[in-house]
Amino acid sequence: MQYKYITVEGNIGAGKTSLAKRLAQAYNSKLVLEQFADNPFISKFYEEPEKFAFPFELFFVAERFKQLSDMTAQADFFYNGVITDYLFVKSLLFSKVNLSEDEYNLYLRIFDIIYKSLPVPDLIIYLHSSIPRLQKNIQQRGRTYEQKIPDEYLENIQQQYFNYFRQKKDLRILILDVSNADFLSNEIHYQEILDQLEMEIPFGLKYVTIGG
C-alpha cells in the first residue's frame, strides 16, 4: 500500500465502515472506527434536531479529535498504515447542515483551534451513492433512530461534501460511485476498488464508477 493514512468517507448508509474494515484487513493497516453509538445525544437529535443539534455535534468533534490525536501519538510498528472510516472535517460539514448560524459560528471557532494539530490523510476515498440506494441501506441495517431521515437531509449532506472537495486541490480524493455496486458480496466490484488503489492517484478529484 503506497498510502500510509487513508480515510474512507461517505454519506449516511454509503458503506464506509464496511469498506474500511475490508481494506484494513487486506493491507494489514490499523483500523480506526468512529464510535458513533457512544454519542448520548444521537437518539435525541433525530427526535428533536433543533434542540439537541449543538451538543450532538460537540460530542462528535470532541470524540473524533481525541481518537485521531491518540492515533497520531501511538506509533504501531505492527501495521503498514492507518485506515479510518471518517474524515475529521465531516464534523464541520454536518454541523453546517444541523446548526443554526450562531451555533455554527461558535462551532467553527472551536473546530479551527483543534483542526490544525491533526494529520492530513494521504488519500480520501469518498463513497458516492444515489439517495434511493442510501435509504435502502439505512433501512436494511435497521438503526431505529435513522429510519426517518428525509431525502432532503441526505442530499444536503452530500452537497456539503462535494462543495468541500471541489475546494481542496491539495488533497488526493478518489470518488467511487457505488450506486450500483456491492463490494461486500461481489468480489469483482471489490477488486475494482483495489485496482484503483494500486494506481497513482493525483491531487484533486478523481471520479470512478464501480460495478458498471
# chains A, B, ... in the order shown; residues from 1 in each chain; ligands from 1
>>> closest_atom_pairs(of="segment 44-123 of chain A", to="segment 170-173 of chain A", cutoff="10 Å", atoms="only C-alpha atoms", output="tab-separated table")
residue	atom	partner	partner_atom	distance
A:Val120	CA	A:Leu171	CA	8.5
A:Pro121	CA	A:Leu171	CA	8.0
A:Asp122	CA	A:Arg172	CA	6.7
A:Leu123	CA	A:Arg172	CA	5.0
>>> write_last_selection(atoms="C-alpha atoms", output="JSON list (two decimals), in the first residue's frame")
[["chain", "number", "residue", "atom", "x", "y", "z"],
["A", 120, "VAL", "CA", -3.98, 15.09, 6.90],
["A", 121, "PRO", "CA", -4.90, 11.83, 5.08],
["A", 122, "ASP", "CA", -2.70, 10.75, 2.18],
["A", 123, "LEU", "CA", -5.86, 9.64, 0.39]]
>>> residues_around(residues="Asn39 of chain A", least_positions_apart="5", cutoff="10 Å", atoms="only C-alpha atoms", output="PyMOL selection string")
chain A and resi 55-60+63
>>> atom_distance(atom1="atom CA of Asn186 of chain A", atom2="atom CA of Lys206 of chain A")
22.7 Å
>>> closest_residue(among="A:Thr84, A:Ser91, A:Thr209, A:Ser69", to="Val32 of chain A", atoms="only C-alpha atoms")
A:Thr84
>>> residues_around(residues="segment 136-150 of chain A", least_positions_apart="2", cutoff="8 Å", atoms="only C-alpha atoms", output="PDB file with C-alpha atoms, in the first residue's frame")
ATOM      1  CA  ILE A  12     -25.058   8.045   5.884  1.00  0.00           C
ATOM      2  CA  GLY A  13     -25.521   4.462   4.690  1.00  0.00           C
ATOM      3  CA  ALA A  14     -22.849   4.585   1.977  1.00  0.00           C
ATOM      4  CA  ILE A  42     -27.890  10.673  18.957  1.00  0.00           C
ATOM      5  CA  SER A  43     -31.465   9.487  19.514  1.00  0.00           C
ATOM      6  CA  TYR A  46     -33.096  12.627  15.452  1.00  0.00           C
ATOM      7  CA  GLU A  47     -36.227  13.223  17.531  1.00  0.00           C
ATOM      8  CA  PRO A 132     -32.593   5.793  -3.008  1.00  0.00           C
ATOM      9  CA  ARG A 133     -29.650   3.416  -2.526  1.00  0.00           C
ATOM     10  CA  LEU A 134     -28.657   5.184   0.690  1.00  0.00           C
ATOM     11  CA  GLU A 152     -33.547  16.255   1.669  1.00  0.00           C
ATOM     12  CA  TYR A 153     -31.221  15.806   4.651  1.00  0.00           C
ATOM     13  CA  LEU A 154     -29.109  13.234   2.790  1.00  0.00           C
TER      14      LEU A 154
END
